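Remarks on the structure that follows.
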Amino acid sequence: MRIVIAGGHGQIALRLERLLAARGDEVAGIIRKAEQADDLRQAGAEPVVLDLESASVDEVAERLRGADAAVFAAGAGPGSGAARKDTVDKAAAVLFADAAVKAGVRRFLIVSSMAADPLHEGDEIFDAYLRAKGEADAYVRGLDALDWTILRPGRLTDDAGTGLVRLEAHTGRGPVPREDVAAVLAELVDTPATAGLTLELISGSAPVSVAVKSVAGN
């Protein structure tokens, strides 16, 4: 498979690139800064320098053409203000989804956030983030041309992955290592029967492959 990942230098994305490349997939990661390219190459991914905050749908679609799957794992980051939550967490996700449709890439995964909701109330930056992610999720759900899966991890940690997770429509709050999030994404890419599902993810007791298979028919 050829898989294109938006936000290719993110902490989850780099882990995902390593997993996909190790199993023989062809991986490309979209990055904003050319100086990040070596990190992607070391992970086994082809770096694609493109700013999703200024690129056109046509420009992104050109990078997606020929891919078997697209993964949106970009984010404005914890140090950013409310404005960039809107331009990255929402607008860039919408742009990437539109580009996937234009490029004919049906399989589409988006890394969201637990409690993401377009109607979320509050004036803090994190409130703006949850609204932006919720609006992006809602937009993707409305695209019939995509076989989308939305993954909403709990509190992300840098702990070593255990390979044991809880993956359901509603899990309740809890932590999950980024390594396990990447492992679940790698499995979801390969499981088109999860299309149309919005899934929450925390650490649990089910092996990743078992957890994904168990939701695939629901």
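Residues are referred to by chain and number: the chain letter is A, B, ... according to the order shown in the structure tokens, the number counts from 1 in that chain, and ligands are numbered separately from 1 in the order shown.
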
Skip Ala34 of chain A itself and residues of its chain fewer than 6 positions away, then list as a compact mmCIF listing (two decimals) with all heavy atoms, in the first residue's frame all residues within 10 Å of it, counting only C-alpha atoms.
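What follows is the written file selection.txt:
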```
# COMPACT_ATOMS: atom_id res chain seq x y z
N PRO A 47 9.68 12.29 2.54
CA PRO A 47 9.19 13.59 2.99
C PRO A 47 8.60 14.39 1.82
O PRO A 47 9.16 14.42 0.73
CB PRO A 47 10.46 14.27 3.53
CG PRO A 47 11.60 13.58 2.88
CD PRO A 47 11.15 12.22 2.46
N VAL A 48 7.47 15.01 2.07
CA VAL A 48 6.81 15.87 1.09
C VAL A 48 6.62 17.24 1.76
O VAL A 48 5.83 17.36 2.71
CB VAL A 48 5.44 15.30 0.67
CG1 VAL A 48 4.73 16.26 -0.28
CG2 VAL A 48 5.61 13.93 0.02
N VAL A 49 7.35 18.25 1.30
CA VAL A 49 7.28 19.57 1.93
C VAL A 49 6.11 20.35 1.33
O VAL A 49 6.10 20.67 0.14
CB VAL A 49 8.60 20.35 1.75
CG1 VAL A 49 8.50 21.72 2.42
CG2 VAL A 49 9.76 19.56 2.32
N LEU A 50 5.13 20.64 2.17
CA LEU A 50 3.92 21.33 1.72
C LEU A 50 3.22 21.90 2.95
O LEU A 50 2.98 21.18 3.92
CB LEU A 50 2.99 20.34 0.99
CG LEU A 50 1.73 20.91 0.35
CD1 LEU A 50 2.08 21.79 -0.85
CD2 LEU A 50 0.81 19.78 -0.10
```

Kindly provide the residues of segment 110-150 of chain A that approach segment 176-199 of chain A to within 12 Å, each paired with its closest atom pair and their distance in Å to one decimal, based on only C-alpha atoms, listed by chain and increasing number, as CSV.
```
residue,atom,partner,partner_atom,distance
A:Ile110,CA,A:Leu185,CA,9.3
A:Val111,CA,A:Leu185,CA,8.6
A:Ser112,CA,A:Thr198,CA,9.3
A:Ser113,CA,A:Leu199,CA,10.0
A:Met114,CA,A:Leu199,CA,9.1
A:Ala115,CA,A:Leu199,CA,11.4
A:Ala116,CA,A:Thr198,CA,11.0
A:Gly134,CA,A:Thr198,CA,11.4
A:Asp137,CA,A:Thr198,CA,8.9
A:Ala138,CA,A:Thr198,CA,10.5
A:Val140,CA,A:Gly196,CA,9.9
A:Arg141,CA,A:Gly196,CA,7.5
A:Gly142,CA,A:Gly196,CA,10.2
A:Leu143,CA,A:Gly196,CA,10.4
A:Asp144,CA,A:Gly196,CA,9.7
A:Ala145,CA,A:Ala195,CA,11.5
A:Leu146,CA,A:Ala195,CA,8.5
A:Asp147,CA,A:Ala195,CA,5.0
A:Trp148,CA,A:Ala195,CA,5.0
A:Thr149,CA,A:Ala195,CA,5.1
A:Ile150,CA,A:Thr198,CA,4.6
```

Exercise. Can you tell me how far atom CA of Thr157 of chain A sits from atom CA of Leu95 of chain A, in Å to one decimal?
Worked result: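 Here the two named atoms are 28.2 Å from each other.
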
Problem set entry | Residue set, chain A restricted to strand (DSSP E or B), as a PyMOL selection string | chain A and resi 2-6+26-31+46-49+69-72+107-111+147-153+155-157+164-168+175-177+197-203+206-207

So which residues touch Arg18 of chain A within 10 Å, counting only C-alpha atoms, skipping near sequence neighbours fewer than 5 positions away, as a PDB file with N, CA and C atoms, in the first residue's frame?
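Wrote around_6.pdb, looks like this:
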```pdb
ATOM      1  N   ALA A  13       2.682  10.406  14.082  1.00  0.00           N
ATOM      2  CA  ALA A  13       2.979  10.148  12.672  1.00  0.00           C
ATOM      3  C   ALA A  13       4.328   9.471  12.482  1.00  0.00           C
ATOM      4  N   ARG A  23       6.699  -2.863   7.714  1.00  0.00           N
ATOM      5  CA  ARG A  23       5.916  -3.976   7.180  1.00  0.00           C
ATOM      6  C   ARG A  23       5.857  -3.953   5.645  1.00  0.00           C
ATOM      7  N   ASP A  25       5.062  -1.188   3.552  1.00  0.00           N
ATOM      8  CA  ASP A  25       4.245  -0.196   2.864  1.00  0.00           C
ATOM      9  C   ASP A  25       5.117   0.957   2.364  1.00  0.00           C
ATOM     10  N   VAL A  27       5.402   4.824   2.261  1.00  0.00           N
ATOM     11  CA  VAL A  27       4.846   5.872   3.105  1.00  0.00           C
ATOM     12  C   VAL A  27       5.400   7.234   2.710  1.00  0.00           C
ATOM     13  N   LEU A  40      12.037  12.035   8.789  1.00  0.00           N
ATOM     14  CA  LEU A  40      11.104  11.157   8.079  1.00  0.00           C
ATOM     15  C   LEU A  40      11.857  10.054   7.339  1.00  0.00           C
ATOM     16  N   ARG A  41      12.954  10.419   6.712  1.00  0.00           N
ATOM     17  CA  ARG A  41      13.734   9.405   5.980  1.00  0.00           C
ATOM     18  C   ARG A  41      14.215   8.318   6.941  1.00  0.00           C
ATOM     19  N   GLN A  42      14.637   8.737   8.144  1.00  0.00           N
ATOM     20  CA  GLN A  42      15.089   7.759   9.134  1.00  0.00           C
ATOM     21  C   GLN A  42      13.943   6.841   9.568  1.00  0.00           C
ATOM     22  N   ALA A  43      12.717   7.347   9.503  1.00  0.00           N
ATOM     23  CA  ALA A  43      11.546   6.538   9.859  1.00  0.00           C
ATOM     24  C   ALA A  43      11.095   5.658   8.690  1.00  0.00           C
ATOM     25  N   GLY A  44      11.728   5.853   7.531  1.00  0.00           N
ATOM     26  CA  GLY A  44      11.374   5.044   6.367  1.00  0.00           C
ATOM     27  C   GLY A  44      10.339   5.673   5.468  1.00  0.00           C
ATOM     28  N   ALA A  45      10.084   6.985   5.667  1.00  0.00           N
ATOM     29  CA  ALA A  45       9.053   7.678   4.897  1.00  0.00           C
ATOM     30  C   ALA A  45       9.659   8.678   3.927  1.00  0.00           C
ATOM     31  N   ALA A 182      -0.345   4.687  17.288  1.00  0.00           N
ATOM     32  CA  ALA A 182       0.230   4.416  15.962  1.00  0.00           C
ATOM     33  C   ALA A 182      -0.054   2.984  15.524  1.00  0.00           C
TER      34      ALA A 182
END
```

For this session: Pull the alpha helix (DSSP H) assignments for segment 158-208 of chain A out of DSSP run on the backbone, and list those residues as a PyMOL selection string.
Result: chain A and resi 178-189+208

Exercise. Of the candidates A:Ala100, A:Ala160, A:Ala69, A:Val57, which one gets nearest to Arg15 of chain A if we count only C-alpha atoms?
Worked result: A:Ala160

Problem set entry | Contacts of Glu121 of chain A within 12 Å, only C-alpha atoms, excl. fewer than 4 positions in-chain, as a ChimeraX atom specification | /A:115-117,125-132,134

Okay, now the selection with N, CA, C and O atoms, as a short mmCIF file (atom, residue, chain, number, x, y, z; two decimals), in the first residue's frame?
```cif
data_model
loop_
_atom_site.label_atom_id
_atom_site.label_comp_id
_atom_site.auth_asym_id
_atom_site.auth_seq_id
_atom_site.Cartn_x
_atom_site.Cartn_y
_atom_site.Cartn_z
N ALA A 115 -13.79 13.79 23.22
CA ALA A 115 -14.62 14.96 23.58
C ALA A 115 -14.66 16.02 22.49
O ALA A 115 -15.21 17.11 22.70
N ALA A 116 -14.09 15.73 21.31
CA ALA A 116 -14.22 16.67 20.20
C ALA A 116 -15.70 16.87 19.88
O ALA A 116 -16.45 15.90 19.79
N ASP A 117 -16.10 18.13 19.71
CA ASP A 117 -17.52 18.41 19.52
C ASP A 117 -17.65 19.81 18.91
O ASP A 117 -17.18 20.79 19.50
N ILE A 125 -8.27 28.00 25.16
CA ILE A 125 -7.68 27.52 23.91
C ILE A 125 -8.04 26.04 23.69
O ILE A 125 -8.32 25.62 22.56
N PHE A 126 -8.05 25.25 24.77
CA PHE A 126 -8.39 23.84 24.62
C PHE A 126 -9.84 23.67 24.18
O PHE A 126 -10.18 22.75 23.44
N ASP A 127 -10.72 24.58 24.59
CA ASP A 127 -12.11 24.55 24.14
C ASP A 127 -12.16 24.79 22.63
O ASP A 127 -12.91 24.13 21.91
N ALA A 128 -11.37 25.75 22.16
CA ALA A 128 -11.31 26.04 20.72
C ALA A 128 -10.79 24.83 19.96
O ALA A 128 -11.25 24.52 18.85
N TYR A 129 -9.83 24.13 20.56
CA TYR A 129 -9.28 22.92 19.95
C TYR A 129 -10.35 21.83 19.80
O TYR A 129 -10.49 21.23 18.73
N LEU A 130 -11.11 21.59 20.86
CA LEU A 130 -12.15 20.55 20.81
C LEU A 130 -13.24 20.91 19.79
O LEU A 130 -13.77 20.03 19.11
N ARG A 131 -13.55 22.21 19.68
CA ARG A 131 -14.52 22.63 18.66
C ARG A 131 -13.96 22.40 17.25
O ARG A 131 -14.66 21.89 16.37
N ALA A 132 -12.70 22.78 17.05
CA ALA A 132 -12.08 22.64 15.73
C ALA A 132 -12.02 21.18 15.31
O ALA A 132 -12.34 20.82 14.17
N GLY A 134 -13.91 18.77 16.42
CA GLY A 134 -15.28 18.32 16.23
C GLY A 134 -15.84 18.76 14.88
O GLY A 134 -16.54 17.99 14.20
#
```
